[in-house]
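Data file: upload.txt. Format and content: compact mmCIF, C-alpha atoms and all ligand atoms.
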# COMPACT_ATOMS: atom_id res chain seq x y z
CA SER A 130 -12.32 6.26 18.28
CA GLY A 131 -8.85 7.13 17.05
CA MET A 132 -10.00 6.50 13.48
CA PRO A 133 -8.91 9.41 11.29
CA ASN A 134 -11.68 11.02 9.24
CA ASP A 135 -9.42 11.54 6.26
CA LEU A 136 -8.50 7.90 5.84
CA GLN A 137 -8.66 8.37 2.08
CA ASN A 138 -5.50 10.51 2.12
CA TYR A 139 -3.33 7.66 3.32
CA TRP A 140 -2.35 5.15 0.65
CA MET A 141 -1.65 2.23 2.91
CA PRO A 142 1.06 -0.26 1.90
CA PHE A 143 0.14 -3.61 0.37
CA THR A 144 -3.48 -2.59 0.04
CA ALA A 145 -5.25 -5.41 -1.74
CA ASN A 146 -8.82 -4.77 -2.88
CA ARG A 147 -10.39 -6.86 -0.20
CA GLN A 148 -8.37 -5.21 2.56
CA PHE A 149 -9.00 -1.76 1.14
CA LYS A 150 -12.70 -2.14 1.79
CA GLN A 151 -12.06 -2.74 5.49
CA ASP A 152 -11.12 -0.09 8.01
CA PRO A 153 -7.69 -0.88 9.41
CA ARG A 154 -7.64 -2.13 12.96
CA MET A 155 -6.20 0.88 14.79
CA ILE A 156 -3.39 0.51 17.33
CA VAL A 157 -2.64 3.35 19.72
CA SER A 158 0.00 2.12 22.16
CA ALA A 159 2.07 -0.90 23.14
CA ASP A 160 3.78 -2.40 26.16
CA GLY A 161 5.54 -5.74 26.62
CA MET A 162 3.53 -8.46 24.85
CA TYR A 163 0.49 -6.25 24.29
CA TYR A 164 -0.85 -3.68 21.89
CA LYS A 165 -3.70 -1.40 22.90
CA SER A 166 -6.43 -0.97 20.30
CA SER A 167 -8.20 2.36 19.73
CA ASP A 168 -11.28 0.94 21.49
CA GLY A 169 -9.16 0.37 24.59
CA ARG A 170 -8.60 -3.40 24.40
CA ASP A 171 -5.33 -5.23 25.12
CA ILE A 172 -4.24 -7.24 22.08
CA LEU A 173 -1.67 -10.03 22.53
CA ASP A 174 1.03 -9.50 19.92
CA GLY A 175 1.40 -12.86 18.21
CA THR A 176 3.61 -11.49 15.45
CA ALA A 177 6.15 -9.16 17.10
CA GLY A 178 4.69 -6.38 14.96
CA LEU A 179 5.94 -7.47 11.53
CA TRP A 180 8.54 -9.97 12.80
CA CYS A 181 10.60 -7.14 14.30
CA VAL A 182 9.73 -6.43 17.94
CA ASN A 183 11.72 -9.44 19.17
CA ALA A 184 12.28 -8.18 22.74
CA GLY A 185 8.69 -7.01 23.19
CA HIS A 186 7.33 -3.46 23.20
CA ASN A 187 8.39 -0.42 25.18
CA ARG A 188 11.52 -2.00 26.68
CA PRO A 189 13.00 0.61 29.07
CA LEU A 190 16.65 0.23 28.00
CA ILE A 191 15.80 0.74 24.33
CA THR A 192 13.24 3.50 24.77
CA GLN A 193 15.58 5.42 27.04
CA ALA A 194 18.59 5.01 24.73
CA VAL A 195 16.57 6.47 21.86
CA GLN A 196 15.31 9.38 23.94
CA GLU A 197 18.83 10.21 25.13
CA GLN A 198 20.26 9.91 21.62
CA VAL A 199 17.66 12.26 20.14
CA ALA A 200 18.70 14.89 22.66
CA GLN A 201 22.45 14.30 22.27
CA LEU A 202 23.11 13.88 18.54
CA ASP A 203 20.19 13.87 16.13
CA TYR A 204 22.10 13.24 12.93
CA ALA A 205 25.64 12.93 11.64
CA PRO A 206 26.75 12.01 8.14
CA SER A 207 28.49 8.69 7.62
CA PHE A 208 30.40 9.77 4.50
CA GLN A 209 33.85 11.14 5.49
CA PHE A 210 32.46 11.63 9.01
CA GLY A 211 31.33 9.23 11.67
CA HIS A 212 30.04 8.93 15.19
CA PRO A 213 31.10 6.39 17.82
CA LYS A 214 27.89 4.43 18.30
CA ALA A 215 27.77 3.26 14.66
CA PHE A 216 31.27 1.76 15.06
CA GLU A 217 30.33 0.23 18.39
CA LEU A 218 27.18 -1.33 16.91
CA ALA A 219 29.15 -2.79 13.99
CA ASN A 220 31.48 -4.45 16.54
CA ARG A 221 28.57 -5.85 18.52
CA VAL A 222 26.84 -7.23 15.43
CA ALA A 223 30.07 -8.79 14.12
CA ASP A 224 30.63 -10.46 17.53
CA MET A 225 27.20 -12.01 17.38
CA PHE A 226 27.42 -13.21 13.76
CA PRO A 227 29.42 -16.15 12.33
CA ASP A 228 33.22 -16.21 12.59
CA GLY A 229 34.93 -14.80 9.55
CA MET A 230 32.07 -12.36 8.90
CA ASP A 231 33.39 -9.30 10.71
CA HIS A 232 32.27 -6.34 8.59
CA VAL A 233 28.95 -4.57 8.73
CA PHE A 234 27.37 -2.16 6.23
CA PHE A 235 24.38 -0.20 7.58
CA THR A 236 21.10 0.37 5.73
CA ASN A 237 17.59 1.43 6.76
CA SER A 238 15.46 -1.58 5.89
CA GLY A 239 15.44 -5.14 4.68
CA SER A 240 14.87 -4.01 1.10
CA GLU A 241 17.94 -1.77 1.23
CA SER A 242 19.98 -4.56 2.79
CA VAL A 243 19.05 -6.85 -0.09
CA ASP A 244 19.92 -4.29 -2.77
CA SER A 245 23.19 -3.56 -0.98
CA ALA A 246 24.06 -7.26 -0.73
CA LEU A 247 23.41 -7.87 -4.44
CA LYS A 248 25.57 -4.86 -5.38
CA ILE A 249 28.36 -5.92 -3.00
CA ALA A 250 28.33 -9.41 -4.56
CA LEU A 251 28.46 -8.11 -8.15
CA HIS A 252 31.17 -5.63 -7.23
CA TYR A 253 33.26 -8.32 -5.51
CA HIS A 254 33.58 -10.37 -8.69
CA ARG A 255 34.36 -7.28 -10.76
CA MET A 256 37.20 -6.27 -8.49
CA ARG A 257 38.67 -9.70 -8.89
CA GLY A 258 38.62 -9.33 -12.66
CA ASP A 259 35.69 -11.72 -12.88
CA ALA A 260 33.38 -9.28 -14.67
CA ALA A 261 31.54 -12.10 -16.44
CA ARG A 262 29.94 -13.12 -13.15
CA THR A 263 26.74 -11.10 -13.38
CA ARG A 264 23.91 -13.62 -13.03
CA LEU A 265 21.88 -13.67 -9.82
CA ILE A 266 19.90 -16.66 -8.59
CA GLY A 267 16.91 -16.37 -6.26
CA ARG A 268 14.30 -18.92 -5.35
CA GLU A 269 10.61 -19.39 -6.05
CA ARG A 270 8.57 -18.23 -3.05
CA GLY A 271 11.49 -16.15 -1.82
CA TYR A 272 10.69 -12.67 -0.49
CA HIS A 273 13.48 -10.11 -0.55
CA GLY A 274 11.70 -6.81 -0.11
CA THR A 275 10.33 -4.30 -2.56
CA GLY A 276 13.33 -2.74 -4.32
CA PHE A 277 13.90 -3.61 -7.97
CA GLY A 278 16.77 -5.89 -6.95
CA GLY A 279 14.64 -7.61 -4.34
CA ILE A 280 11.62 -8.17 -6.57
CA SER A 281 13.87 -9.40 -9.41
CA VAL A 282 15.49 -12.13 -7.32
CA GLY A 283 12.32 -12.60 -5.27
CA GLY A 284 10.12 -15.51 -6.19
CA ILE A 285 6.68 -13.92 -6.13
CA VAL A 286 5.53 -13.20 -9.67
CA LYS A 287 2.71 -10.96 -8.40
CA ASN A 288 5.28 -8.59 -6.86
CA ARG A 289 7.06 -7.96 -10.14
CA MET A 290 4.55 -8.50 -12.93
CA HIS A 291 3.36 -4.90 -13.31
CA PHE A 292 6.69 -3.13 -13.30
CA GLY A 293 8.27 -3.91 -16.65
CA SER A 294 12.04 -3.93 -16.45
CA MET A 295 13.67 -6.16 -13.88
CA LEU A 296 17.31 -6.99 -13.33
CA THR A 297 18.39 -9.12 -16.27
CA GLY A 298 20.16 -12.45 -15.94
CA VAL A 299 18.14 -13.68 -12.99
CA ASP A 300 17.09 -17.30 -12.48
CA HIS A 301 15.09 -18.88 -9.70
CA LEU A 302 15.68 -22.17 -7.96
CA PRO A 303 12.52 -24.22 -7.45
CA HIS A 304 10.85 -23.80 -4.09
CA THR A 305 11.25 -26.61 -1.61
CA HIS A 306 7.72 -26.74 -0.29
CA ASP A 307 5.85 -29.99 -0.78
CA LEU A 308 2.60 -29.72 1.12
CA GLU A 309 1.44 -33.25 0.26
CA ARG A 310 4.62 -34.89 1.42
CA ASN A 311 5.50 -32.73 4.37
CA ALA A 312 2.09 -32.00 5.84
CA PHE A 313 2.19 -31.65 9.63
CA THR A 314 5.95 -32.22 9.84
CA LYS A 315 7.46 -30.76 12.99
CA GLY A 316 10.51 -28.58 12.35
CA CYS A 317 12.34 -29.10 9.03
CA PRO A 318 11.13 -31.69 6.51
CA GLU A 319 13.29 -34.79 6.00
CA HIS A 320 12.98 -34.72 2.21
CA GLY A 321 13.71 -32.16 -0.45
CA ALA A 322 17.41 -31.30 -0.07
CA GLU A 323 17.95 -32.46 -3.65
CA LYS A 324 16.00 -29.38 -4.84
CA ALA A 325 19.29 -27.49 -4.37
CA ASP A 326 20.70 -29.48 -7.29
CA ALA A 327 18.64 -27.30 -9.64
CA LEU A 328 21.65 -24.99 -9.32
CA ILE A 329 23.63 -27.56 -11.31
CA ASP A 330 21.12 -27.28 -14.17
CA ILE A 331 21.22 -23.48 -14.12
CA ALA A 332 25.02 -23.53 -14.02
CA THR A 333 25.13 -26.00 -16.89
CA LEU A 334 22.74 -23.93 -18.97
CA HIS A 335 24.53 -20.60 -18.49
CA ASP A 336 28.11 -21.61 -17.61
CA PRO A 337 28.86 -21.51 -13.87
CA SER A 338 31.46 -18.77 -14.31
CA THR A 339 28.66 -16.31 -15.22
CA ILE A 340 26.88 -16.66 -11.87
CA ALA A 341 27.63 -14.06 -9.20
CA ALA A 342 25.45 -15.05 -6.27
CA VAL A 343 22.62 -17.16 -4.95
CA ILE A 344 20.24 -15.46 -2.49
CA VAL A 345 17.82 -17.41 -0.30
CA GLU A 346 15.90 -16.91 2.90
CA PRO A 347 17.14 -19.77 5.11
CA MET A 348 13.52 -20.06 6.22
CA ALA A 349 11.08 -18.38 3.85
CA GLY A 350 8.91 -16.14 6.02
CA SER A 351 6.58 -13.77 4.21
CA THR A 352 5.48 -16.27 1.57
CA GLY A 353 3.99 -18.61 4.12
CA VAL A 354 6.66 -19.82 6.55
CA LEU A 355 8.41 -22.60 4.64
CA MET A 356 11.12 -24.54 6.42
CA PRO A 357 14.19 -25.66 4.48
CA PRO A 358 14.44 -29.43 4.04
CA LYS A 359 17.20 -30.98 6.15
CA GLY A 360 20.53 -30.67 4.35
CA TYR A 361 19.24 -28.21 1.74
CA LEU A 362 21.26 -25.17 2.82
CA LYS A 363 24.41 -27.26 3.28
CA ARG A 364 24.00 -28.62 -0.25
CA LEU A 365 23.59 -25.08 -1.62
CA ARG A 366 26.78 -24.06 0.18
CA GLU A 367 28.70 -26.99 -1.34
CA LEU A 368 27.52 -26.19 -4.85
CA CYS A 369 28.31 -22.47 -4.49
CA ASP A 370 31.82 -23.36 -3.30
CA GLN A 371 32.27 -25.73 -6.19
CA TYR A 372 31.31 -23.06 -8.74
CA GLY A 373 32.85 -19.97 -7.08
CA ILE A 374 29.40 -18.45 -6.47
CA LEU A 375 28.70 -16.23 -3.44
CA LEU A 376 25.93 -17.41 -1.13
CA ILE A 377 23.68 -14.77 0.43
CA PHE A 378 21.32 -15.55 3.32
CA ASP A 379 18.48 -13.07 3.66
CA GLU A 380 18.06 -13.11 7.44
CA VAL A 381 15.77 -10.10 7.74
CA ILE A 382 13.37 -12.36 9.66
CA THR A 383 15.66 -15.06 11.05
CA GLY A 384 18.47 -12.72 12.17
CA PHE A 385 18.63 -11.74 15.85
CA GLY A 386 17.28 -14.79 17.56
CA ARG A 387 14.06 -15.88 15.88
CA LEU A 388 15.17 -19.54 15.60
CA GLY A 389 16.90 -19.64 18.99
CA ALA A 390 20.37 -18.69 17.74
CA ALA A 391 21.68 -15.29 16.71
CA THR A 392 21.39 -16.25 13.04
CA ALA A 393 19.90 -19.01 10.91
CA ALA A 394 23.47 -19.51 9.67
CA GLU A 395 24.43 -20.54 13.21
CA TYR A 396 21.23 -22.50 13.73
CA PHE A 397 21.73 -24.57 10.56
CA GLY A 398 25.53 -24.68 10.81
CA VAL A 399 25.98 -23.21 7.32
CA THR A 400 28.01 -20.02 6.84
CA PRO A 401 27.10 -17.87 3.83
CA ASP A 402 29.30 -15.11 2.35
CA ILE A 403 26.81 -12.31 2.98
CA ILE A 404 23.92 -11.95 5.44
CA THR A 405 21.19 -9.33 5.12
CA THR A 406 19.35 -8.16 8.25
CA ALA A 407 16.92 -5.46 9.45
CA LYS A 408 13.84 -5.82 11.71
CA GLY A 409 15.24 -7.28 14.98
CA LEU A 410 18.39 -5.14 14.77
CA THR A 411 16.56 -2.25 16.43
CA ASN A 412 13.57 -4.14 17.86
CA GLY A 413 11.34 -2.29 15.41
CA ILE A 414 11.71 1.03 17.23
CA ILE A 415 13.39 2.77 14.30
CA PRO A 416 14.09 1.71 10.70
CA ALA A 417 17.52 0.11 10.37
CA GLY A 418 19.23 -2.73 8.57
CA ALA A 419 22.69 -4.20 8.20
CA VAL A 420 24.60 -6.29 5.68
CA ILE A 421 27.25 -8.52 7.24
CA VAL A 422 30.00 -9.70 4.89
CA ALA A 423 32.74 -12.31 4.90
CA ASN A 424 36.20 -10.87 5.55
CA LYS A 425 37.41 -11.82 2.07
CA ILE A 426 34.78 -9.53 0.55
CA TYR A 427 35.60 -6.57 2.78
CA GLU A 428 39.35 -7.01 2.38
CA SER A 429 39.06 -7.22 -1.35
CA ALA A 430 36.96 -4.03 -1.44
CA MET A 431 39.52 -2.17 0.71
CA GLU A 432 42.45 -3.37 -1.39
CA ASN A 433 40.70 -1.99 -4.42
CA ALA A 434 39.39 1.18 -2.82
CA ASP A 435 41.63 3.42 -4.94
CA ALA A 436 40.87 1.59 -8.16
CA PRO A 437 38.33 2.96 -10.62
CA ILE A 438 35.91 0.26 -9.52
CA GLU A 439 35.29 1.43 -5.94
CA LEU A 440 31.93 0.43 -4.47
CA PHE A 441 29.96 3.64 -4.90
CA HIS A 442 27.07 2.90 -2.60
CA GLY A 443 25.63 4.30 0.64
CA TYR A 444 22.61 5.96 2.16
CA THR A 445 22.06 9.35 3.80
CA TYR A 446 20.90 7.47 6.86
CA SER A 447 23.48 4.63 6.88
CA GLY A 448 24.50 4.20 10.52
CA HIS A 449 22.03 6.85 11.73
CA PRO A 450 22.86 7.84 15.33
CA ILE A 451 19.38 7.06 16.64
CA ALA A 452 19.32 3.70 14.88
CA ALA A 453 22.81 2.95 16.25
CA ALA A 454 21.72 3.83 19.80
CA ALA A 455 18.57 1.74 19.41
CA GLY A 456 20.60 -1.16 17.98
CA LEU A 457 23.08 -1.12 20.86
CA ALA A 458 20.33 -1.08 23.48
CA THR A 459 18.44 -3.81 21.61
CA LEU A 460 21.45 -6.15 21.47
CA GLU A 461 22.13 -5.39 25.13
CA THR A 462 18.54 -6.33 26.00
CA TYR A 463 18.82 -9.62 24.06
CA LYS A 464 22.03 -10.38 25.95
CA GLN A 465 21.02 -9.30 29.47
CA GLU A 466 17.82 -11.33 29.27
CA ASN A 467 19.32 -14.30 27.35
CA LEU A 468 16.47 -13.93 24.91
CA PHE A 469 17.91 -16.15 22.14
CA GLU A 470 18.35 -18.99 24.68
CA ARG A 471 14.81 -18.31 25.82
CA VAL A 472 13.60 -18.92 22.25
CA ALA A 473 15.53 -22.21 22.12
CA ASP A 474 14.06 -23.22 25.51
CA LEU A 475 10.49 -22.34 24.50
CA ALA A 476 10.73 -23.96 21.04
CA PRO A 477 9.61 -27.49 22.08
CA TYR A 478 6.62 -26.10 23.99
CA TRP A 479 5.79 -23.85 21.03
CA GLU A 480 6.02 -26.83 18.67
CA GLU A 481 3.49 -28.82 20.68
CA ALA A 482 1.20 -25.79 20.90
CA VAL A 483 1.29 -25.24 17.11
CA HIS A 484 0.60 -28.90 16.43
CA SER A 485 -2.23 -28.99 18.96
CA LEU A 486 -4.34 -27.57 16.10
CA ASN A 487 -3.92 -30.82 14.16
CA GLY A 488 -7.45 -32.02 13.33
CA THR A 489 -9.02 -28.59 13.74
CA LYS A 490 -11.49 -27.58 11.01
CA HIS A 491 -9.94 -26.09 7.82
CA VAL A 492 -6.34 -26.82 8.92
CA ILE A 493 -4.34 -28.57 6.16
CA ASP A 494 -0.82 -28.03 7.50
CA LEU A 495 1.04 -26.88 10.60
CA ARG A 496 4.67 -25.79 10.59
CA ASN A 497 7.05 -24.62 13.30
CA LEU A 498 10.67 -23.69 13.89
CA GLY A 499 12.16 -21.67 16.74
CA LEU A 500 9.43 -19.18 17.70
CA VAL A 501 7.79 -19.25 14.28
CA GLY A 502 4.56 -21.00 13.48
CA ALA A 503 2.34 -21.39 10.43
CA ILE A 504 -1.23 -22.59 10.22
CA GLU A 505 -2.19 -23.32 6.63
CA LEU A 506 -5.92 -23.39 5.92
CA ALA A 507 -7.78 -24.87 3.00
CA SER A 508 -8.94 -22.04 0.74
CA ARG A 509 -12.63 -21.27 0.45
CA ASP A 510 -13.92 -22.22 -3.01
CA GLY A 511 -13.38 -19.38 -5.44
CA ALA A 512 -12.08 -17.01 -2.76
CA PRO A 513 -8.44 -17.68 -1.92
CA GLY A 514 -7.33 -15.68 1.11
CA ALA A 515 -10.86 -14.98 2.35
CA ARG A 516 -10.84 -17.62 5.07
CA GLY A 517 -7.43 -16.54 6.34
CA MET A 518 -8.62 -12.94 6.49
CA ASP A 519 -11.75 -13.92 8.42
CA VAL A 520 -9.67 -15.76 11.02
CA MET A 521 -7.32 -12.80 11.37
CA VAL A 522 -10.28 -10.44 11.97
CA LYS A 523 -11.89 -12.78 14.52
CA ALA A 524 -8.59 -13.22 16.33
CA TRP A 525 -8.26 -9.45 16.60
CA GLU A 526 -11.79 -9.28 18.02
CA LYS A 527 -10.75 -11.87 20.61
CA GLY A 528 -7.59 -9.93 21.45
CA ILE A 529 -4.87 -11.73 19.46
CA MET A 530 -2.83 -10.30 16.60
CA VAL A 531 -1.93 -12.84 13.92
CA ARG A 532 -0.44 -12.22 10.47
CA VAL A 533 -2.16 -13.58 7.40
CA THR A 534 -0.65 -14.32 3.97
CA GLY A 535 -3.35 -15.75 1.75
CA ASP A 536 -4.80 -18.61 3.78
CA ILE A 537 -1.68 -19.11 5.84
CA LEU A 538 -1.64 -17.67 9.37
CA ALA A 539 1.86 -16.80 10.53
CA LEU A 540 2.86 -16.46 14.17
CA SER A 541 6.14 -15.05 15.47
CA PRO A 542 5.65 -13.62 18.97
CA PRO A 543 8.16 -11.53 20.90
CA PHE A 544 10.70 -13.68 22.73
CA ILE A 545 9.37 -12.61 26.15
CA ILE A 546 6.14 -14.53 25.62
CA GLU A 547 5.03 -16.70 28.57
CA LYS A 548 3.73 -20.26 28.22
CA ALA A 549 0.26 -19.17 29.37
CA GLU A 550 0.20 -16.63 26.52
CA ILE A 551 1.24 -19.31 24.03
CA ASP A 552 -1.66 -21.43 25.31
CA ARG A 553 -4.04 -18.51 24.90
CA ILE A 554 -3.06 -17.97 21.26
CA PHE A 555 -3.73 -21.57 20.24
CA GLU A 556 -6.82 -22.03 22.43
CA THR A 557 -8.30 -18.92 20.84
CA LEU A 558 -7.52 -20.15 17.32
CA ALA A 559 -8.97 -23.59 18.15
CA GLU A 560 -12.16 -21.81 19.21
CA ILE A 561 -12.31 -19.52 16.14
CA LEU A 562 -11.48 -21.94 13.34
CA PRO A 563 -14.66 -24.09 13.54
CA THR A 564 -16.78 -20.90 13.50
CA VAL A 565 -15.58 -19.55 10.14
CA ASP A 566 -17.02 -20.65 6.80
N1 LIG A 601 13.78 -9.81 3.19
C1 LIG A 601 13.03 -10.57 3.98
C2 LIG A 601 13.40 -12.01 4.19
C3 LIG A 601 11.90 -10.04 4.61
O1 LIG A 601 11.14 -10.80 5.38
C4 LIG A 601 11.58 -8.67 4.41
C5 LIG A 601 10.40 -8.01 5.09
N2 LIG A 601 9.36 -8.83 5.46
C6 LIG A 601 12.41 -7.91 3.58
C7 LIG A 601 13.50 -8.51 3.00
C8 LIG A 601 12.14 -6.46 3.33
O2 LIG A 601 12.32 -5.73 4.47
P1 LIG A 601 11.72 -4.23 4.57
O3 LIG A 601 10.24 -4.38 4.57
O4 LIG A 601 12.29 -3.73 5.87
O5 LIG A 601 12.23 -3.47 3.42

As structure tokens, what does this structure read like?
Amino acid sequence: SGMPNDLQNYWMPFTANRQFKQDPRMIVSADGMYYKSSDGRDILDGTAGLWCVNAGHNRPLITQAVQEQVAQLDYAPSFQFGHPKAFELANRVADMFPDGMDHVFFTNSGSESVDSALKIALHYHRMRGDAARTRLIGRERGYHGTGFGGISVGGIVKNRMHFGSMLTGVDHLPHTHDLERNAFTKGCPEHGAEKADALIDIATLHDPSTIAAVIVEPMAGSTGVLMPPKGYLKRLRELCDQYGILLIFDEVITGFGRLGAATAAEYFGVTPDIITTAKGLTNGIIPAGAVIVANKIYESAMENADAPIELFHGYTYSGHPIAAAAGLATLETYKQENLFERVADLAPYWEEAVHSLNGTKHVIDLRNLGLVGAIELASRDGAPGARGMDVMVKAWEKGIMVRVTGDILALSPPFIIEKAEIDRIFETLAEILPTVD
């Protein structure tokens, strides 16, 4: 069956009690839009793995580039040494990202990108003699990975409550989600931009010159797919400029095309000072991440490179040759197949498909942006998350992979999805939803 007998030896990540009692649904291979389950069924990938397989599975250019790289150069250090593909990938990423953000620091995951971004921001102020700027501002319902930096600025209390010490001097902006007011809104809600003004209160309370950076996901993904109200990100940018605060966009999900532009920064027309990425950089084939910084930050770090306050930060696997080869082939695939434009072209069809579930049993909200969708279900009395889990299991049985966070189903298919496959996802969910308690 493909099910290992010694399941008990594997401590699976994010294993909540309820999930722990279930056998995991085993996946044995993948191609294009489809996974193959251990019982031999084709499963339509509605989630691009975990928001990472943007170009679809087993893409020849990427697979081949990795195979060739393994044989040619398995590993090379990136401290005092280098190898060409890491430099080439940095150029390609910088080309794709906003003007004025031309420098790329490589990591191995979203969590590492976030920790790196926070350290780069703190270090930037220090180098400029602004050592008092140490406070970091996140946002309620923000997810920034699992490192201590990420859980400190992250807005999910459950993710940090059992670990004692966090980063000190962290505040959180209020979340922008207003289910009552925005229910069934297509795209971004009209109202709520004024929530950004909470930064004024925080700055007033602590003195704005003590704040180093604000970090937000332009579109919150893992905490339930929450779209920013229109004007919200622009307002944050204005306030950060006013106070001399760096603005960080965590684009681990939105980076590399998910909204129909290379970045959410481009999509929303708001340029931050630092962007964190991972996932879509290598199409999920190998762990990799990147932090993209504004030129002023890089230049300032280089000017001060001989000072006692150099940025002492890097990973054994920063710019790993196999990740670099995978990244180059991934970006080439996005470009050759115009996959970001494809997302933009499919977005209106996707929007209608998501909202076709309006009126379906249990559905209390539907959200969409780019190729992202959320179906929020009413929770079963006394058992939050149970209904969402039941739908996820039934969808798997009917050959569709969806992601579930509590009672919110999240969809984020690979960009190569066809309209008929979009139809199948929502027809299947429309069939399942009335059958669950
Ligand atoms: N930031 C965001 C916005 C994310 O969505 C994620 C992963 N879902 C992370 C950070 C952490 O990335 P990783 O799991 O690769 O460490």

message: For a test of reading the model, state the distance in Å between atom CA of A:Met162 and atom CA of A:Val492, rounded to one decimal.
response: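 Interatomic distance here is 26.2 Å.
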
task: Give the residue list for ligand LIG 601 (chain A) at 10 Å, counting only C-alpha atoms and all ligand atoms, as number ranges by chain, sorted by chain and then by residue number.
output: A: 179-181, 236-244, 271-276, 279-280, 283, 345-352, 378-384, 405-408, 413, 416-418

message: What's the separation between atom CA of A:His291 and atom CA of A:Pro142, in Å to one decimal place?
response: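 Separating atom CA of A:His291 from atom CA of A:Pro142 is a distance of 16.1 Å.
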
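Atom CA of A:Pro206 to atom CA of A:His186 spans 29.0 Å [interatomic distance, one decimal].
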
- prompt: For A:Glu269, which residue out of A:His254, A:Lys287, A:His304, A:Lys315 is the nearest one, using all atoms listed in the file?
  reply: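 Distance minimum relative to A:Glu269 lands on A:His304.
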
- request: Rank A:Ile551, A:Leu540, A:Ile404, A:Ile331 by their smallest atom-to-atom distance to A:Thr392, using all atoms listed in the file, and report the top residue only.
  value: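 Smallest separation from A:Thr392 among the options: A:Ile404.
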
field: Selected residue, from A:Lys425, A:His484, A:Arg268, A:Lys359, that lies nearest to A:Met256 when counting all atoms listed in the file
entry: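 Ranking A:Lys425, A:His484, A:Arg268, A:Lys359 by distance to A:Met256, first place goes to A:Lys425.
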
Give me, as a PDB file with C-alpha atoms, in the frame of the given file, all polymer residues having an atom no more than 9 Å from A:Ile504, counting all atoms listed in the file and skipping those fewer than 3 positions away in the same chain.
ATOM      1  CA  GLY A 353       3.990 -18.610   4.120  1.00  0.00           C
ATOM      2  CA  VAL A 483       1.290 -25.240  17.110  1.00  0.00           C
ATOM      3  CA  LEU A 486      -4.340 -27.570  16.100  1.00  0.00           C
ATOM      4  CA  VAL A 492      -6.340 -26.820   8.920  1.00  0.00           C
ATOM      5  CA  ILE A 493      -4.340 -28.570   6.160  1.00  0.00           C
ATOM      6  CA  ASP A 494      -0.820 -28.030   7.500  1.00  0.00           C
ATOM      7  CA  LEU A 495       1.040 -26.880  10.600  1.00  0.00           C
ATOM      8  CA  ARG A 496       4.670 -25.790  10.590  1.00  0.00           C
ATOM      9  CA  ASP A 536      -4.800 -18.610   3.780  1.00  0.00           C
ATOM     10  CA  ILE A 537      -1.680 -19.110   5.840  1.00  0.00           C
ATOM     11  CA  LEU A 538      -1.640 -17.670   9.370  1.00  0.00           C
ATOM     12  CA  ALA A 539       1.860 -16.800  10.530  1.00  0.00           C
ATOM     13  CA  LEU A 540       2.860 -16.460  14.170  1.00  0.00           C
TER      14      LEU A 540
END

query: Using only C-alpha atoms, which residue out of A:Leu334, A:Glu439, A:Lys527, A:Ile414 lies closest to A:Thr192?
result: A:Ile414

field: Given only C-alpha atoms as the counted atoms, nearest of A:Gln209, A:His301, A:Arg364, A:Leu173 to A:Phe555
entry: A:Leu173

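Within 8 Å of the point (11.4, -19.5, 18.1) in file coordinates, and counting all atoms listed in the file, lie the residues Gly386, Arg387, Leu388, Gly389, Val472, Ala473, Leu475, Ala476, Trp479, Leu498, Gly499, Leu500, Val501, Ser541 and Phe544 of chain A.
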
- prompt: Could you pull the residues within 8 Å of stretch 222-234 of chain A, counting all atoms listed in the file, minus those fewer than 2 positions along the same chain, as a list in words?
  reply: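 The residues that qualify are Leu218, Ala219, Asn220, Thr236, Ala391, Thr392, Ala394, Glu395, Thr400, Asp402, Ile403, Ala419, Val420, Ile421, Val422, Ala423, Asn424, Tyr427 and Ser447 of chain A.
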
query: So which one's closest to A:Gly360, A:Phe292, A:Phe397, A:Phe235, A:Tyr372? Using all atoms listed in the file, please.
result: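 Among A:Phe292, A:Phe397, A:Phe235, A:Tyr372, it is A:Phe397 that comes nearest to A:Gly360.
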
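Taking all atoms listed in the file, the non-local environment of A:Val299 within 7 Å (same-chain residues fewer than 5 positions away omitted) comprises Arg264, Leu265, Ile266 and Val282 of chain A.
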
Box time for stretch 394-400 of chain A: axis-aligned, enclosing all its listed atoms, 3 Å extra on each side; report centre and edge lengths in Å to one decimal, as AutoDock Vina command-line options.
--center_x 24.6 --center_y -22.1 --center_z 10.3 --size_x 12.8 --size_y 11.2 --size_z 12.9

- request: Name the residues in contact with A:Asp259 at a cut-off of 10 Å, using all atoms listed in the file, excluding same-chain residues fewer than 5 positions from it; report them as a ChimeraX atom specification.
  value: /A:251-254,338-339,341
